[in-house]
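First comes the structure, then the notes that go with it.
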Amino acid sequence: MINVLFVCLGNICRSPIAEATFRELVKKRGLQDKISCDSAGTAGYHIGQLPDQRTIKNAEKHGLKLTHRGRKLSVADLDAFDHIVVMDEANFKDVNDLYYKTKHKTPSADKLFLLRDHDPETRGIKEVPDPYYESEPFFEDVYQIVWRSNEALLDYLIEKHQIVKTEE
Ligand code: 4NP
């Protein structure tokens, strides 16, 4: 099983929708017994909470029900997950610092990277923008970014790990 962890700051806006869209894409490919995912925040502001109402509402528009409860990234996560996929540069620095401090080395580019490294339409923008202080349409922009980036990320992981669907 390949495990992917999506990380943002609060774990109520970006990473829960990144997790849910990735899981949906994995399911569409019939690979749910090969690839799993979760999400976490670098901060502990919203531990135990459901995602932001605006994230939930926008996900519902796309037929996705969000049930994730906010949690803070732990040191154990650094070993438990094959890939840690962050939303922005601040998340990258926070996870990188934790990894460096606890493992006494820098994570490989394959272990820790920005989701938009895989965005086919990135046009040079490397971050999934934080919608927390923005209006509702921003949440749809985030959805579109994470959906298309995750399609490409999944293709990359299937190729990298030579993942094939188990025939029934
Ligand atoms: P997220 O958005 O990192 O995408 O979940 C945020 C959620 C909460 C806060 C900031 C960003 N906050 O400051 O509480």
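Residue numbering restarts at 1 in every chain; chains get A, B, ... in the order shown in the structure tokens, and ligands count up from 1 in that same order.
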Contacts with ligand 1 at most 6 Å, only C-alpha atoms and all ligand atoms counted, listed as number ranges by chain: A: 8-14, 45, 130, 132
With all heavy atoms retained, write the just-selected residues as a short mmCIF file (atom, residue, chain, number, x, y, z; two decimals), in the first residue's frame.
```cif
data_model
loop_
_atom_site.label_atom_id
_atom_site.label_comp_id
_atom_site.auth_asym_id
_atom_site.auth_seq_id
_atom_site.Cartn_x
_atom_site.Cartn_y
_atom_site.Cartn_z
N CYS A 8 -1.70 20.98 4.94
CA CYS A 8 -1.80 22.44 4.85
C CYS A 8 -1.61 23.01 6.24
O CYS A 8 -1.07 22.32 7.12
CB CYS A 8 -3.12 22.88 4.20
SG CYS A 8 -4.60 22.44 5.14
N LEU A 9 -2.04 24.23 6.47
CA LEU A 9 -1.84 24.85 7.79
C LEU A 9 -2.88 24.37 8.81
O LEU A 9 -2.56 23.78 9.85
CB LEU A 9 -1.88 26.38 7.65
CG LEU A 9 -1.80 27.19 8.94
CD1 LEU A 9 -0.46 26.98 9.63
CD2 LEU A 9 -2.01 28.68 8.65
N GLY A 10 -4.15 24.60 8.48
CA GLY A 10 -5.21 24.35 9.47
C GLY A 10 -5.89 23.00 9.36
O GLY A 10 -6.62 22.59 10.25
N ASN A 11 -5.71 22.31 8.22
CA ASN A 11 -6.36 21.03 7.93
C ASN A 11 -7.89 21.15 7.94
O ASN A 11 -8.59 20.22 8.33
CB ASN A 11 -5.88 19.93 8.90
CG ASN A 11 -6.28 18.51 8.49
OD1 ASN A 11 -6.49 17.64 9.33
ND2 ASN A 11 -6.38 18.24 7.21
N ILE A 12 -8.40 22.32 7.52
CA ILE A 12 -9.86 22.46 7.38
C ILE A 12 -10.28 23.00 6.01
O ILE A 12 -11.44 22.93 5.67
CB ILE A 12 -10.48 23.33 8.49
CG1 ILE A 12 -9.81 24.71 8.56
CG2 ILE A 12 -10.48 22.61 9.84
CD1 ILE A 12 -10.62 25.73 9.36
N CYS A 13 -9.33 23.55 5.24
CA CYS A 13 -9.71 24.08 3.93
C CYS A 13 -9.07 23.31 2.78
O CYS A 13 -9.74 22.61 2.03
CB CYS A 13 -9.34 25.56 3.81
SG CYS A 13 -10.27 26.64 4.92
N ARG A 14 -7.76 23.41 2.63
CA ARG A 14 -7.11 22.86 1.44
C ARG A 14 -6.84 21.35 1.51
O ARG A 14 -7.21 20.60 0.61
CB ARG A 14 -5.82 23.61 1.14
CG ARG A 14 -6.04 25.05 0.71
CD ARG A 14 -4.76 25.86 0.77
NE ARG A 14 -4.31 26.04 2.14
CZ ARG A 14 -3.20 26.61 2.52
NH1 ARG A 14 -2.36 27.06 1.59
NH2 ARG A 14 -2.88 26.75 3.80
N TYR A 45 -4.76 24.29 15.31
CA TYR A 45 -5.90 25.18 15.62
C TYR A 45 -7.26 24.48 15.57
O TYR A 45 -8.19 24.91 16.23
CB TYR A 45 -6.00 26.33 14.61
CG TYR A 45 -4.75 27.11 14.32
CD1 TYR A 45 -4.48 27.54 13.02
CD2 TYR A 45 -3.86 27.47 15.33
CE1 TYR A 45 -3.34 28.28 12.72
CE2 TYR A 45 -2.73 28.21 15.04
CZ TYR A 45 -2.47 28.61 13.73
OH TYR A 45 -1.36 29.34 13.44
N ASP A 130 -4.24 29.96 0.07
CA ASP A 130 -5.03 29.74 1.29
C ASP A 130 -6.36 30.50 1.17
O ASP A 130 -6.37 31.73 1.08
CB ASP A 130 -4.21 30.27 2.48
CG ASP A 130 -4.89 30.03 3.80
OD1 ASP A 130 -6.07 29.61 3.80
OD2 ASP A 130 -4.25 30.26 4.84
N TYR A 132 -8.80 30.69 3.39
CA TYR A 132 -9.44 30.90 4.69
C TYR A 132 -10.01 32.31 4.87
O TYR A 132 -11.11 32.47 5.37
CB TYR A 132 -8.45 30.58 5.81
CG TYR A 132 -9.06 30.52 7.19
CD1 TYR A 132 -10.04 29.59 7.52
CD2 TYR A 132 -8.65 31.41 8.19
CE1 TYR A 132 -10.59 29.53 8.79
CE2 TYR A 132 -9.20 31.35 9.47
CZ TYR A 132 -10.16 30.40 9.76
OH TYR A 132 -10.71 30.35 11.02
#
```
Determine which residues of chain A DSSP labels as helix (DSSP H, G or I) from the backbone of this structure, then write them out as a PyMOL selection string. chain A and resi 14-28+53-61+75-80+89-103+115-118+137-160
Near-Asp79 of chain A list (12 Å; only C-alpha atoms; drop same-chain fewer than 2 positions) as a ChimeraX atom specification: /A:3-5,73-77,81-84,98-99,102-103,107,111-112
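Taking only C-alpha atoms into account, Asn58 of chain A lies nearest to A:Ile17 out of the set A:Ala40, A:Ile17, A:Ile163, A:Ala109.
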Env of Phe6 of chain A: 8 Å cut, atoms = only C-alpha atoms, seq-sep filter 6 positions within chain, self excluded. Answer as JSON, numbers by chain. {"A": [15, 16, 18, 19, 37, 38, 39, 40, 84, 85, 86, 87]}
Chain A: residues DSSP assigns to strand (DSSP E or B), reported as number ranges by chain: A: 2-8, 35-41, 72, 83-86, 112-114
Which residue out of A:Thr21, A:Gln49, A:Ser36, A:Thr106 has the minimum interatomic distance to Tyr143 of chain A when only C-alpha atoms are used?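 Result for the nearest residue to Tyr143 of chain A: A:Thr21.
Our summary of the geometry notes that atom CA of Thr42 of chain A is positioned 9.6 Å from atom CA of Phe92 of chain A.
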Among the residues A:Glu167, A:Asp97, A:Glu151, A:Glu140, the one that comes closest to Pro120 of chain A [using only C-alpha atoms]: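 Among the listed residues, the smallest separation from Pro120 of chain A belongs to A:Glu151.
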I'd like the neighbourhood of Arg116 of chain A as a ChimeraX atom specification, where a residue qualifies if any of its atoms comes within 10 Å (using only C-alpha atoms), though same-chain residues fewer than 2 positions away should be ignored. /A:85-88,113-114,118-128,145-146,148-150,152-153
Given the selection you just returned, output its residues as a file containing N, CA, C and O atoms, formatted as a short mmCIF file (atom, residue, chain, number, x, y, z; two decimals), in the first residue's frame.
```cif
data_model
loop_
_atom_site.label_atom_id
_atom_site.label_comp_id
_atom_site.auth_asym_id
_atom_site.auth_seq_id
_atom_site.Cartn_x
_atom_site.Cartn_y
_atom_site.Cartn_z
N VAL A 85 2.55 15.62 0.77
CA VAL A 85 2.27 16.56 -0.30
C VAL A 85 1.71 17.85 0.31
O VAL A 85 0.61 17.83 0.89
N VAL A 86 2.46 18.93 0.20
CA VAL A 86 2.08 20.17 0.89
C VAL A 86 1.46 21.17 -0.07
O VAL A 86 1.69 21.13 -1.28
N MET A 87 0.68 22.09 0.52
CA MET A 87 -0.07 23.06 -0.28
C MET A 87 0.72 24.31 -0.60
O MET A 87 0.53 24.92 -1.65
N ASP A 88 1.58 24.76 0.35
CA ASP A 88 2.32 26.00 0.08
C ASP A 88 3.73 25.96 0.67
O ASP A 88 4.12 24.98 1.34
N PHE A 113 6.98 17.21 -1.22
CA PHE A 113 6.91 18.13 -2.37
C PHE A 113 5.61 18.91 -2.36
O PHE A 113 4.66 18.58 -1.63
N LEU A 114 5.57 19.95 -3.17
CA LEU A 114 4.37 20.78 -3.32
C LEU A 114 3.39 20.12 -4.29
O LEU A 114 3.81 19.62 -5.34
N HIS A 118 2.88 19.19 -9.55
CA HIS A 118 2.21 18.30 -10.52
C HIS A 118 1.07 18.98 -11.27
O HIS A 118 0.36 18.32 -12.02
N ASP A 119 0.89 20.28 -11.05
CA ASP A 119 -0.20 20.98 -11.71
C ASP A 119 0.14 21.22 -13.17
O ASP A 119 1.10 21.95 -13.47
N PRO A 120 -0.64 20.63 -14.10
CA PRO A 120 -0.32 20.84 -15.53
C PRO A 120 -0.56 22.28 -15.99
O PRO A 120 -0.10 22.68 -17.04
N GLU A 121 -1.31 23.04 -15.18
CA GLU A 121 -1.60 24.44 -15.56
C GLU A 121 -1.00 25.42 -14.56
O GLU A 121 -1.53 26.52 -14.36
N THR A 122 0.10 25.05 -13.94
CA THR A 122 0.63 25.86 -12.83
C THR A 122 1.03 27.27 -13.25
O THR A 122 0.93 28.20 -12.47
N ARG A 123 1.46 27.44 -14.47
CA ARG A 123 1.92 28.74 -14.98
C ARG A 123 2.83 29.45 -13.97
O ARG A 123 2.69 30.65 -13.72
N GLY A 124 3.71 28.67 -13.38
CA GLY A 124 4.72 29.25 -12.51
C GLY A 124 4.29 29.45 -11.07
O GLY A 124 5.10 29.79 -10.22
N ILE A 125 3.00 29.25 -10.78
CA ILE A 125 2.52 29.44 -9.41
C ILE A 125 2.64 28.10 -8.69
O ILE A 125 2.07 27.10 -9.13
N LYS A 126 3.38 28.09 -7.59
CA LYS A 126 3.68 26.82 -6.94
C LYS A 126 2.81 26.51 -5.73
O LYS A 126 2.90 25.44 -5.15
N GLU A 127 1.99 27.49 -5.31
CA GLU A 127 1.21 27.27 -4.09
C GLU A 127 -0.28 27.09 -4.38
O GLU A 127 -0.82 27.71 -5.29
N VAL A 128 -0.93 26.26 -3.56
CA VAL A 128 -2.39 26.25 -3.53
C VAL A 128 -2.75 27.38 -2.58
O VAL A 128 -2.42 27.33 -1.39
N ILE A 145 -7.88 23.52 -8.70
CA ILE A 145 -6.42 23.34 -8.65
C ILE A 145 -6.08 21.95 -8.11
O ILE A 145 -5.26 21.23 -8.69
N VAL A 146 -6.71 21.57 -6.98
CA VAL A 146 -6.32 20.29 -6.37
C VAL A 146 -6.81 19.11 -7.21
O VAL A 146 -6.12 18.09 -7.29
N ARG A 148 -7.15 18.93 -10.62
CA ARG A 148 -6.28 18.70 -11.80
C ARG A 148 -4.86 18.31 -11.38
O ARG A 148 -4.21 17.49 -12.05
N SER A 149 -4.37 18.88 -10.27
CA SER A 149 -3.02 18.51 -9.79
C SER A 149 -3.01 17.05 -9.34
O SER A 149 -2.04 16.31 -9.59
N ASN A 150 -4.08 16.63 -8.68
CA ASN A 150 -4.15 15.25 -8.19
C ASN A 150 -4.27 14.24 -9.33
O ASN A 150 -3.78 13.12 -9.20
N ALA A 152 -2.77 14.47 -12.14
CA ALA A 152 -1.39 14.30 -12.59
C ALA A 152 -0.53 13.61 -11.54
O ALA A 152 0.33 12.78 -11.86
N LEU A 153 -0.77 13.93 -10.27
CA LEU A 153 -0.03 13.28 -9.19
C LEU A 153 -0.30 11.77 -9.19
O LEU A 153 0.63 10.97 -9.05
#
```
